[in-house]
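Below is one structure, written out as structure tokens, with a few remarks after it.
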Amino acid sequence: MTAAPPKFTTLGCRLNAYETEAMKKMSQEAGLGDAVIVNTCAVTAEAVRKSRQEIRRLRRENPSARIIVTGCAAQTEPETFAAMTEVDKVIGNTEKMMPGTWNGMAADFIGESEKVQVDDIMSVTETAGHLIDGFGTRSRAYVQVQNGCDHRCTFCIIPYGRGNSRSVPAGVVVDQIKRLVDRGFNEVVLTGVDLTSWGADLPATPRLGDLVMRILKLVPDLPRLRISSIDSIEADDNLMQAIATEPRLMPHLHLSLQHGDDLILKRMARRHLRDDAIAFCEQARHLRPDMTFGADIIAGFPTETDAHFENSLKLVADCDLTWLHVFPYSKRTGTPAAKIPSQVNGNIIKERSARLRTAGDAQVKKHLEAQLGKSHHILMENAHMGRTEQFTEVTFEHPQIEGSIVSTTITGMSGTQLVA
């Protein structure tokens with residue numbers, strides 16, 4: 001009897017989802033069967049708890065399968081997962097992206113090998129460029145151009161799960177995108193952990209804007225290029241020029257802002273201040289009037305007072321943010337912020353998070369109303385739903401071709417979606 005192909009569960013960020021696709025390919029090519037792979041997240045203590053909960057659930061549902069745990073939580077807390085009776089193998093973030101890891105497990109899954117295979121990620125100096133097409137869709141493809149982070153924000157454990165910043169060389173990126181375009185993809189998304197640090201470890205230290213301009217020049221048949229999350233304080237001149245002059249660069253940026261009060265930003269060890277964020281948004285929107293912004297904002301960081309929080313709340317309007325990712329602060333063991341004595345009460349954190357989400361909902365409604373009657377080019381994710389240049393969902397009554405770009409006029413809105 002042929003062994004069942006591996007099952008995958010992914011928690012956390014888009015990059016984790018991207019890497020799961022690479023692991024699927026490598027594990028299948030290695031012939032690994034009857035296994036469940038859990039790609040964990042470590043961004044908060046709650047994320048680690050959910051990872052453990054998911055592992056226990058998967059063991060109940062797959063009593064005879066071998067459970068492999070990987071991802072950022074496995075990298076930062078390998079002993080936690082190795083101690084779980086449900087777990088057969090723990091592999092690190094570097095190991096999970098190596099074909100040899102999967103070949104070895106397929107050949108002799110446990111055998112004489114150690115249960116934990118997690119090396120020091122801070123010693124890793126390169127990141128592989130894996131070609132992943134579309135997460136099971138024909139609409140867009142993701143290209144990882146960077147991994148790791150050199151910054152040490154006081155709330156963040158991710159550098160210890162991902163290592164220091166490493167960049168994929170521009171030539172490798174361009175070649176990948178050319179292949180994706182040849183395969184029919186109309187949109188490519190550049191992704192990474194700290195995308196604006198791309199190039200710092202490469203010869204001549206190019207910047208993200210250099211990469212964007214090079215892609216658009218050398219892949220003229222690429223209809224749409226999208227950037228995932230960026231740190232606005234690191235935006236370089238060429239990136240701003242691309243925003244101003246390149247219509248194929250989509251007018252949507254997700255910003256790592258985290259807070260709207262200068263004192264809290266300093267305590268977070270962020271490298272920007274409130275006015276820097278506002279100035280960037282004003283400049284980008286001046287260069288590209290149809291630009292929309294998403295942002296990560298943390299509610300309830302230690303020492304956050306009502307006045308500090310109000311500055312975060314006001315930042316939503318001051319930057320005219322549309323898509324908010326609100327993170328209720330949770331104490332993360334191993335980070336400097338966890339040692340700050342003035343932790344905010346959990347109920348206050350919930351209330352502040354809810355207020356931020358309400359402000360975000362109002363911004364989404366304002367954005368949707370502003371699109372009524374406007375023309376957009378919609379990239380279809382399936383027969384009845386696609387996204388505008390600003391990443392807004394649009395539903396269609398009549399089916400369209402998945403992966404195609406449809407020119408249409410917005411006729412209405414429904415919930416958080418536009419209607420065409």
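Within each chain, counting starts at residue 1; across the structure tokens, chains are named A, B, ... in the order shown, with ligands numbered 1 upward in that order.
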
Open item on the list: DSSP on the backbone, alpha helix (DSSP H) only: what residues of segment 263-356 of chain A does that give? Format it as a PyMOL selection string.
Closed with: chain A and resi 263-267+274-287+306-318+346-356

Listing only residues of segment 220-290 of chain A within 12 Å of segment 168-191 of chain A, what is the closest atom pair and its distance in Å (to one decimal) for each, using only C-alpha atoms, sorted by chain and residue number ascending, as a Markdown table?
| residue | atom | partner | partner_atom | distance |
| --- | --- | --- | --- | --- |
| A:Pro220 | CA | A:Lys178 | CA | 9.3 |
| A:Asp221 | CA | A:Val181 | CA | 7.1 |
| A:Leu222 | CA | A:Val181 | CA | 6.1 |
| A:Pro223 | CA | A:Asn186 | CA | 5.5 |
| A:Arg224 | CA | A:Glu187 | CA | 4.6 |
| A:Leu225 | CA | A:Val188 | CA | 5.1 |
| A:Arg226 | CA | A:Val189 | CA | 4.6 |
| A:Ile227 | CA | A:Leu190 | CA | 5.1 |
| A:Ser228 | CA | A:Thr191 | CA | 5.6 |
| A:Ser229 | CA | A:Thr191 | CA | 7.6 |
| A:Ile230 | CA | A:Thr191 | CA | 9.5 |
| A:Arg248 | CA | A:Glu187 | CA | 9.4 |
| A:Leu249 | CA | A:Glu187 | CA | 9.8 |
| A:Met250 | CA | A:Glu187 | CA | 9.5 |
| A:His252 | CA | A:Val189 | CA | 11.5 |
| A:Leu253 | CA | A:Val189 | CA | 11.5 |
| A:His254 | CA | A:Thr191 | CA | 11.5 |

Open item on the list: Please list as a ChimeraX atom specification every residue within 7 Å of segment 58-73 of chain A, counting only C-alpha atoms and excluding residues in the same chain fewer than 3 positions away.
Closed with: /A:34-42,48,54-55,76-77,86-93,96,161-162

Just to be explicit: take each residue in the selection above, keep N, CA and C atoms, and write the result as a PDB file, in the first residue's frame.
ATOM      1  N   ASP A  34       2.916   9.293   5.530  1.00  0.00           N
ATOM      2  CA  ASP A  34       2.327   9.061   6.857  1.00  0.00           C
ATOM      3  C   ASP A  34       2.901  10.016   7.901  1.00  0.00           C
ATOM      4  N   ALA A  35       2.985  11.278   7.550  1.00  0.00           N
ATOM      5  CA  ALA A  35       3.547  12.278   8.458  1.00  0.00           C
ATOM      6  C   ALA A  35       2.655  13.514   8.475  1.00  0.00           C
ATOM      7  N   VAL A  36       2.659  14.184   9.609  1.00  0.00           N
ATOM      8  CA  VAL A  36       1.967  15.468   9.773  1.00  0.00           C
ATOM      9  C   VAL A  36       3.011  16.501  10.163  1.00  0.00           C
ATOM     10  N   ILE A  37       3.109  17.571   9.395  1.00  0.00           N
ATOM     11  CA  ILE A  37       4.100  18.612   9.650  1.00  0.00           C
ATOM     12  C   ILE A  37       3.387  19.859  10.134  1.00  0.00           C
ATOM     13  N   VAL A  38       3.807  20.364  11.284  1.00  0.00           N
ATOM     14  CA  VAL A  38       3.213  21.565  11.874  1.00  0.00           C
ATOM     15  C   VAL A  38       4.240  22.678  11.805  1.00  0.00           C
ATOM     16  N   ASN A  39       3.926  23.738  11.047  1.00  0.00           N
ATOM     17  CA  ASN A  39       4.810  24.889  10.875  1.00  0.00           C
ATOM     18  C   ASN A  39       4.354  25.964  11.858  1.00  0.00           C
ATOM     19  N   THR A  40       5.067  26.089  12.975  1.00  0.00           N
ATOM     20  CA  THR A  40       4.594  26.882  14.103  1.00  0.00           C
ATOM     21  C   THR A  40       4.960  28.364  13.997  1.00  0.00           C
ATOM     22  N   CYS A  41       4.311  29.154  14.866  1.00  0.00           N
ATOM     23  CA  CYS A  41       4.551  30.595  14.961  1.00  0.00           C
ATOM     24  C   CYS A  41       4.974  30.924  16.384  1.00  0.00           C
ATOM     25  N   ALA A  42       5.862  31.914  16.524  1.00  0.00           N
ATOM     26  CA  ALA A  42       6.356  32.298  17.851  1.00  0.00           C
ATOM     27  C   ALA A  42       6.127  33.766  18.149  1.00  0.00           C
ATOM     28  N   VAL A  48       2.395  30.486  20.474  1.00  0.00           N
ATOM     29  CA  VAL A  48       3.052  29.239  20.881  1.00  0.00           C
ATOM     30  C   VAL A  48       2.035  28.297  21.527  1.00  0.00           C
ATOM     31  N   GLU A  54      -2.641  22.826  18.661  1.00  0.00           N
ATOM     32  CA  GLU A  54      -2.840  22.250  17.333  1.00  0.00           C
ATOM     33  C   GLU A  54      -2.149  20.890  17.223  1.00  0.00           C
ATOM     34  N   ILE A  55      -0.964  20.780  17.796  1.00  0.00           N
ATOM     35  CA  ILE A  55      -0.232  19.499  17.773  1.00  0.00           C
ATOM     36  C   ILE A  55      -1.026  18.420  18.489  1.00  0.00           C
ATOM     37  N   THR A  76      12.815  28.590  18.466  1.00  0.00           N
ATOM     38  CA  THR A  76      13.114  29.323  19.699  1.00  0.00           C
ATOM     39  C   THR A  76      12.913  28.483  20.952  1.00  0.00           C
ATOM     40  N   GLU A  77      12.031  27.466  20.892  1.00  0.00           N
ATOM     41  CA  GLU A  77      11.756  26.639  22.065  1.00  0.00           C
ATOM     42  C   GLU A  77      11.759  25.150  21.700  1.00  0.00           C
ATOM     43  N   GLU A  86       3.349  13.849  21.996  1.00  0.00           N
ATOM     44  CA  GLU A  86       2.719  13.760  20.677  1.00  0.00           C
ATOM     45  C   GLU A  86       3.714  13.959  19.535  1.00  0.00           C
ATOM     46  N   VAL A  87       4.902  14.499  19.844  1.00  0.00           N
ATOM     47  CA  VAL A  87       5.854  14.922  18.813  1.00  0.00           C
ATOM     48  C   VAL A  87       6.934  13.866  18.582  1.00  0.00           C
ATOM     49  N   ASP A  88       7.192  13.562  17.305  1.00  0.00           N
ATOM     50  CA  ASP A  88       8.241  12.605  16.946  1.00  0.00           C
ATOM     51  C   ASP A  88       9.555  13.273  16.565  1.00  0.00           C
ATOM     52  N   LYS A  89       9.466  14.491  15.987  1.00  0.00           N
ATOM     53  CA  LYS A  89      10.678  15.135  15.477  1.00  0.00           C
ATOM     54  C   LYS A  89      10.494  16.648  15.527  1.00  0.00           C
ATOM     55  N   VAL A  90      11.566  17.367  15.903  1.00  0.00           N
ATOM     56  CA  VAL A  90      11.570  18.830  15.908  1.00  0.00           C
ATOM     57  C   VAL A  90      12.704  19.283  15.003  1.00  0.00           C
ATOM     58  N   ILE A  91      12.381  20.085  13.982  1.00  0.00           N
ATOM     59  CA  ILE A  91      13.424  20.597  13.079  1.00  0.00           C
ATOM     60  C   ILE A  91      13.358  22.126  13.022  1.00  0.00           C
ATOM     61  N   GLY A  92      14.503  22.742  12.849  1.00  0.00           N
ATOM     62  CA  GLY A  92      14.597  24.195  12.883  1.00  0.00           C
ATOM     63  C   GLY A  92      14.205  24.859  11.579  1.00  0.00           C
ATOM     64  N   ASN A  93      14.213  26.199  11.596  1.00  0.00           N
ATOM     65  CA  ASN A  93      13.813  26.962  10.421  1.00  0.00           C
ATOM     66  C   ASN A  93      14.804  26.835   9.265  1.00  0.00           C
ATOM     67  N   LYS A  96      14.352  23.048   7.859  1.00  0.00           N
ATOM     68  CA  LYS A  96      13.109  22.744   7.144  1.00  0.00           C
ATOM     69  C   LYS A  96      13.174  23.118   5.665  1.00  0.00           C
ATOM     70  N   GLY A 161      14.075  33.356  15.954  1.00  0.00           N
ATOM     71  CA  GLY A 161      13.490  32.260  15.182  1.00  0.00           C
ATOM     72  C   GLY A 161      13.935  32.268  13.742  1.00  0.00           C
ATOM     73  N   ARG A 162      14.306  33.446  13.249  1.00  0.00           N
ATOM     74  CA  ARG A 162      14.651  33.600  11.831  1.00  0.00           C
ATOM     75  C   ARG A 162      16.117  33.900  11.571  1.00  0.00           C
TER      76      ARG A 162
END

Open item on the list: I need the residues of segment 221-306 of chain A that end up classed as strand (DSSP E) by DSSP on the backbone, written out as a count of residues only.
Closed with: 21

Counting only C-alpha atoms, what are the residues of segment 287-384 of chain A within 6 Å of segment 408-417 of chain A, and for each of them which pair of atoms is the nearest and at what distance in Å, to one decimal? Sort the table by chain and rising number, as JSON lines.
{"residue": "A:Leu372", "atom": "CA", "partner": "A:Ile410", "partner_atom": "CA", "distance": 5.3}
{"residue": "A:Gly373", "atom": "CA", "partner": "A:Ile410", "partner_atom": "CA", "distance": 5.2}
{"residue": "A:Lys374", "atom": "CA", "partner": "A:Thr409", "partner_atom": "CA", "distance": 5.5}
{"residue": "A:Ser375", "atom": "CA", "partner": "A:Thr409", "partner_atom": "CA", "distance": 4.3}
{"residue": "A:His376", "atom": "CA", "partner": "A:Thr408", "partner_atom": "CA", "distance": 5.6}

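Using only C-alpha atoms, the protein and nucleic acid residues lying no more than 7 Å from Val406 of chain A, apart from those fewer than 4 places from it along its own chain, are His377, Ile378 and Leu379 of chain A.
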
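Here atom CA of Pro302 of chain A is placed at a distance of 20.7 Å from atom CA of Leu324 of chain A.
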
TODO: For segment 145-151 of chain A, please output as a PyMOL selection string all residues within 10 Å (counting only C-alpha atoms; exclusion window: fewer than 2 positions along the same chain).
DONE: chain A and resi 15+121-122+124-130+142-143+153-154+156+158-170+172-173+189-199+208+211+269-271

TODO: Mind checking which residues fall within 9 Å of Phe280 of chain A, counting only C-alpha atoms, ignoring those fewer than 6 positions away in the same chain, and posting them as an NGL selection string?
DONE: :A and (232-233 or 235 or 319)
